[in-house]
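Notes to accompany the following structure.
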Amino acid sequence: MDIKQLEAFAYVVENNSFSKTAELLHLTQPTISAHIASLEKELKIKLIVRTTKEIYPSDAGRLLYEYAKKILQLRDEAQEAIQTFTREMRGTISLVASTIPGQYYLPKLLQSFRKNYPDITFNIQMMDSSQVVDCVATRGAEIGFCGTMIDSPKCVYREFAQDRLVIVTPNTPEYQQYLATGFPTAQIMKETFISRESGSGTRKETEAFLAAMGVDPSRLNVAIEVQSTENIKQMVSEGLGIAVLSRSAAENYCEFNRLLAFDFDNVSMRRKLYLVRHKNGVLSPIAQAFYSFAEEYYAEAEEHK
């Protein structure tokens with residue numbers, strides 16, 4: 001049974017007419033007849049009795065009609081509840097985000113969401129991925145966006161995008177020689193390295209990738225650790241060292257030829273970005289609406305890549 005069949009059935013019972021039902025539901029009379037026939041076939045019993053003079057429900061039809069009324073009433077109540085819920089969606093959602101999701105993925109999501117829910121506002125704190133997870137775990141924020149998966153028994157993760165990591169260098173002849181071949185993995189051990197702080201998702205994923213490539217991250221010549229991606233780009237462009245950054249973050253400097261961006265030996269380095277929420281927490285209605293919207297938004301984005 002589906003809702004359209006039950007609706008057609010209930011209208012026929014109430015109006016004692018297939019033609020009147022078709023008119024009220026803006027359907028053809030054959031469509032109404034098909035709905036009734038499908039119901040009778042599925043339930044294996046006669047529901048509507050038709051004679052030359054009248055149309056009326058059988059005993060089984062009267063029984064089904066009572067249930068159909070309840071089902072249709074629930075449908076109407078659900079529609080009204082959702083419409084009321086949407087009209088009354090207002091308030092502030094607390095979010096935490098690490099640098100890359102926060103700067104390069106979140107703005108477009110917020111713009112799209114607020115077209116549908118203009119009365120919802122956001123309180124957003126930027127921090128590294130480890131702090132994002134800690135904040136969600138301690139209920140300091142309802143939803144987080146982070147660049148790596150941090151072990152936490154109190155949190156659950158949902159992948160929402162993939163991000164490409166690249167080695168960035170100054171735009172000098174010394175590094176331009178690698179444009180055709182990719183940056184040699186062995187060369188990274190000879191370079192001065194500028195790194196994000198220890199809680200950064202970019203750093204965690206970079207170290208895991210290097211280890212998989214046979215490079216011991218602890219042997220890197222890390223001269224500077226900073227919390228700001230913008231600071232790293234500026235430092236690299238001025239020749240203080242090389243770094244690993246999100247391609248999204250490096251693009252503006254690359255476009256103006258202030259940086260070069262490379263894969264390792266032309267091997268693409270990718271990492272997942274995550275939505276994070278408390279495992280046992282119940283999101284507020286507006287936060288749940290945003291979380292569901294984010295899931296669908298990024299799922300559609302991946303499908304159209």
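Residue numbering restarts at 1 in every chain; chains get A, B, ... in the order shown in the structure tokens, and ligands count up from 1 in that same order.
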Could you give me, as CSV, every range 35-128 of chain A residue with an atom at most 10 Å from range 17-21 of chain A, plus its closest atom pair and distance in Å to one decimal, counting only C-alpha atoms, rows ordered by chain then number?
residue,atom,partner,partner_atom,distance
A:Ile36,CA,A:Phe18,CA,9.8
A:Arg50,CA,A:Ser17,CA,9.7
A:Glu54,CA,A:Ser17,CA,8.4
A:Ile55,CA,A:Ser17,CA,6.6
A:Tyr56,CA,A:Ser17,CA,8.7
Can you spit out the residues from that selection as a PDB file, in the first residue's frame, using C-alpha atoms?
ATOM      1  CA  ILE A  36      -8.238   0.681  -6.149  1.00  0.00           C
ATOM      2  CA  ARG A  50     -19.843  -1.342  -7.712  1.00  0.00           C
ATOM      3  CA  GLU A  54     -24.280   2.744  -6.444  1.00  0.00           C
ATOM      4  CA  ILE A  55     -20.674   2.453  -5.229  1.00  0.00           C
ATOM      5  CA  TYR A  56     -19.965   1.543  -1.607  1.00  0.00           C
TER       6      TYR A  56
END
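The shell of residues at most 12 Å from range 71-84 of chain A, with only C-alpha atoms counted and near chain neighbours (fewer than 2 positions) removed, consists of Met1, Asp2, Ile3, Lys4, Gln5, Leu6, Glu7, Ala8, Phe9, Ala10, Tyr11, Leu64, Tyr65, Glu66, Tyr67, Ala68, Lys69, Thr86, Arg87, Glu88, Met89, Arg90, Pro285 and Ala289 of chain A.
For the choices A:Ala22, A:Ala34, A:Ala261, A:Val276, the atom-to-atom distance to Arg158 in chain A is smallest for A:Val276 when using only C-alpha atoms.
Among the candidates A:Asn116, A:Gly199, A:Gly144, A:Tyr105, the residue lying nearest to Ile93 in chain A is A:Gly144 (atoms considered: only C-alpha atoms).
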Near Val236 in chain A, within 12 Å and counting only C-alpha atoms, which residues show up once chain neighbours fewer than 2 positions away are dropped, as a ChimeraX atom specification? /A:167-172,191-195,223-224,229-234,238-245,250,253-254,258-261
Prev. selection, N, CA and C atoms, output as a tab-separated table (two decimals), in the first residue's frame:
chain	number	residue	atom	x	y	z
A	167	ILE	N	53.28	19.93	-1.90
A	167	ILE	CA	54.48	20.59	-1.40
A	167	ILE	C	54.54	21.97	-2.03
A	168	VAL	N	54.73	22.99	-1.23
A	168	VAL	CA	54.88	24.34	-1.77
A	168	VAL	C	56.30	24.82	-1.52
A	169	THR	N	56.85	25.51	-2.53
A	169	THR	CA	58.22	26.02	-2.47
A	169	THR	C	58.24	27.45	-2.98
A	170	PRO	N	59.33	28.15	-2.75
A	170	PRO	CA	59.46	29.46	-3.40
A	170	PRO	C	59.50	29.28	-4.92
A	171	ASN	N	59.08	30.28	-5.65
A	171	ASN	CA	59.11	30.23	-7.11
A	171	ASN	C	60.48	30.71	-7.60
A	172	THR	N	61.45	29.82	-7.50
A	172	THR	CA	62.83	30.13	-7.90
A	172	THR	C	63.35	29.04	-8.83
A	191	GLU	N	65.75	19.65	2.80
A	191	GLU	CA	65.17	21.00	2.82
A	191	GLU	C	64.85	21.47	4.23
A	192	THR	N	64.86	22.79	4.40
A	192	THR	CA	64.33	23.39	5.62
A	192	THR	C	62.81	23.36	5.51
A	193	PHE	N	62.16	22.88	6.56
A	193	PHE	CA	60.72	22.62	6.51
A	193	PHE	C	59.98	23.55	7.45
A	194	ILE	N	58.85	24.07	6.97
A	194	ILE	CA	57.95	24.88	7.80
A	194	ILE	C	56.69	24.07	8.01
A	195	SER	N	56.29	23.89	9.25
A	195	SER	CA	55.21	22.96	9.56
A	195	SER	C	54.10	23.63	10.35
A	223	ALA	N	62.22	23.80	10.89
A	223	ALA	CA	62.81	25.00	11.47
A	223	ALA	C	61.78	25.88	12.15
A	224	ILE	N	60.53	25.83	11.65
A	224	ILE	CA	59.49	26.73	12.15
A	224	ILE	C	58.18	25.97	12.24
A	229	THR	N	48.04	29.07	8.30
A	229	THR	CA	48.37	28.70	6.92
A	229	THR	C	48.85	29.91	6.14
A	230	GLU	N	48.24	31.07	6.38
A	230	GLU	CA	48.65	32.29	5.69
A	230	GLU	C	50.11	32.63	6.01
A	231	ASN	N	50.49	32.44	7.27
A	231	ASN	CA	51.88	32.72	7.64
A	231	ASN	C	52.84	31.77	6.94
A	232	ILE	N	52.44	30.51	6.82
A	232	ILE	CA	53.29	29.54	6.13
A	232	ILE	C	53.49	29.95	4.68
A	233	LYS	N	52.43	30.34	4.01
A	233	LYS	CA	52.55	30.75	2.60
A	233	LYS	C	53.50	31.94	2.46
A	234	GLN	N	53.36	32.90	3.36
A	234	GLN	CA	54.22	34.08	3.31
A	234	GLN	C	55.68	33.71	3.55
A	238	GLU	N	58.91	33.83	0.80
A	238	GLU	CA	60.09	34.66	1.07
A	238	GLU	C	61.37	33.83	1.23
A	239	GLY	N	61.25	32.50	1.01
A	239	GLY	CA	62.45	31.67	0.98
A	239	GLY	C	62.90	31.10	2.30
A	240	LEU	N	62.01	31.07	3.30
A	240	LEU	CA	62.42	30.54	4.60
A	240	LEU	C	62.41	29.02	4.65
A	241	GLY	N	61.79	28.37	3.67
A	241	GLY	CA	61.74	26.92	3.65
A	241	GLY	C	60.62	26.44	2.73
A	242	ILE	N	60.33	25.14	2.80
A	242	ILE	CA	59.22	24.57	2.04
A	242	ILE	C	58.18	24.05	3.03
A	243	ALA	N	57.00	23.69	2.54
A	243	ALA	CA	55.94	23.22	3.42
A	243	ALA	C	54.99	22.33	2.64
A	244	VAL	N	54.12	21.66	3.37
A	244	VAL	CA	53.00	20.93	2.76
A	244	VAL	C	51.72	21.65	3.15
A	245	LEU	N	50.90	21.98	2.13
A	245	LEU	CA	49.65	22.71	2.36
A	245	LEU	C	48.54	22.11	1.51
A	250	ALA	N	46.85	27.03	-1.23
A	250	ALA	CA	48.03	27.54	-1.95
A	250	ALA	C	47.66	28.22	-3.26
A	253	TYR	N	48.41	32.09	-4.00
A	253	TYR	CA	49.84	32.42	-4.12
A	253	TYR	C	50.42	31.84	-5.42
A	254	CYS	N	49.96	30.66	-5.82
A	254	CYS	CA	50.44	30.06	-7.06
A	254	CYS	C	50.00	30.87	-8.27
A	258	ARG	N	53.88	33.41	-6.69
A	258	ARG	CA	54.67	33.58	-5.47
A	258	ARG	C	55.09	32.23	-4.89
A	259	LEU	N	54.39	31.17	-5.28
A	259	LEU	CA	54.71	29.82	-4.84
A	259	LEU	C	54.65	28.86	-6.01
A	260	LEU	N	55.35	27.74	-5.87
A	260	LEU	CA	55.19	26.59	-6.76
A	260	LEU	C	54.57	25.47	-5.93
A	261	ALA	N	53.74	24.67	-6.56
A	261	ALA	CA	53.08	23.56	-5.85
A	261	ALA	C	53.38	22.25	-6.58
Excluding Ile48 in chain A and any residue of its chain fewer than 4 positions from it, enumerate the residues within 10 Å of it, using only C-alpha atoms, and give them as a PyMOL selection string. chain A and resi 9+12-13+16+36-37+40+55-62
Measure the distance from CA of Met189 in chain A to CA of Val215 in chain A in Å and round it to one decimal. 8.1 Å
Using only C-alpha atoms, which residues sit within 6 Å of Gln162 in chain A once same-chain residues fewer than 6 positions away are excluded, as a ChimeraX atom specification? /A:271-273
Same residues, N, CA and C atoms, output as a PDB file, in the first residue's frame:
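Saved result, selection_32.pdb, follows:
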ATOM      1  N   ARG A 271      43.742  13.737   1.293  1.00  0.00           N
ATOM      2  CA  ARG A 271      43.226  13.386   2.624  1.00  0.00           C
ATOM      3  C   ARG A 271      41.738  13.696   2.666  1.00  0.00           C
ATOM      4  N   LYS A 272      41.038  13.051   3.592  1.00  0.00           N
ATOM      5  CA  LYS A 272      39.612  13.250   3.755  1.00  0.00           C
ATOM      6  C   LYS A 272      39.363  14.370   4.758  1.00  0.00           C
ATOM      7  N   LEU A 273      38.294  15.099   4.525  1.00  0.00           N
ATOM      8  CA  LEU A 273      37.817  16.099   5.482  1.00  0.00           C
ATOM      9  C   LEU A 273      36.530  15.570   6.101  1.00  0.00           C
TER      10      LEU A 273
END
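Those residues in range 155-201 of chain A carrying a DSSP assignment of strand (DSSP E or B), computed from the backbone, are Cys155, Val156, Tyr157, Arg158, Glu159, Phe160, Ala161, Gln162, Asp163, Arg164, Leu165, Val166, Ile167, Val168, Thr169, Pro170, Phe183, Thr192, Phe193, Ile194, Ser195 and Arg196 of chain A.
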Output C-alpha atoms for every residue in that selection, as a PDB file, in the first residue's frame.
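Wrote it out as part.pdb, contents follow:
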ATOM      1  CA  CYS A 155      32.712  11.515  18.560  1.00  0.00           C
ATOM      2  CA  VAL A 156      31.487  10.158  15.245  1.00  0.00           C
ATOM      3  CA  TYR A 157      32.792  11.242  11.853  1.00  0.00           C
ATOM      4  CA  ARG A 158      31.220  11.683   8.448  1.00  0.00           C
ATOM      5  CA  GLU A 159      33.451  12.235   5.423  1.00  0.00           C
ATOM      6  CA  PHE A 160      32.270  15.279   3.487  1.00  0.00           C
ATOM      7  CA  ALA A 161      35.058  16.053   0.999  1.00  0.00           C
ATOM      8  CA  GLN A 162      38.521  15.158  -0.212  1.00  0.00           C
ATOM      9  CA  ASP A 163      41.380  17.629  -0.130  1.00  0.00           C
ATOM     10  CA  ARG A 164      44.619  17.496  -2.101  1.00  0.00           C
ATOM     11  CA  LEU A 165      47.877  18.236  -0.272  1.00  0.00           C
ATOM     12  CA  VAL A 166      50.896  19.589  -2.144  1.00  0.00           C
ATOM     13  CA  ILE A 167      54.481  20.590  -1.397  1.00  0.00           C
ATOM     14  CA  VAL A 168      54.881  24.337  -1.775  1.00  0.00           C
ATOM     15  CA  THR A 169      58.218  26.019  -2.472  1.00  0.00           C
ATOM     16  CA  PRO A 170      59.461  29.461  -3.400  1.00  0.00           C
ATOM     17  CA  PHE A 183      59.137  17.039  -6.182  1.00  0.00           C
ATOM     18  CA  THR A 192      64.327  23.387   5.617  1.00  0.00           C
ATOM     19  CA  PHE A 193      60.721  22.618   6.512  1.00  0.00           C
ATOM     20  CA  ILE A 194      57.955  24.878   7.799  1.00  0.00           C
ATOM     21  CA  SER A 195      55.207  22.964   9.563  1.00  0.00           C
ATOM     22  CA  ARG A 196      51.809  23.466  11.084  1.00  0.00           C
TER      23      ARG A 196
END
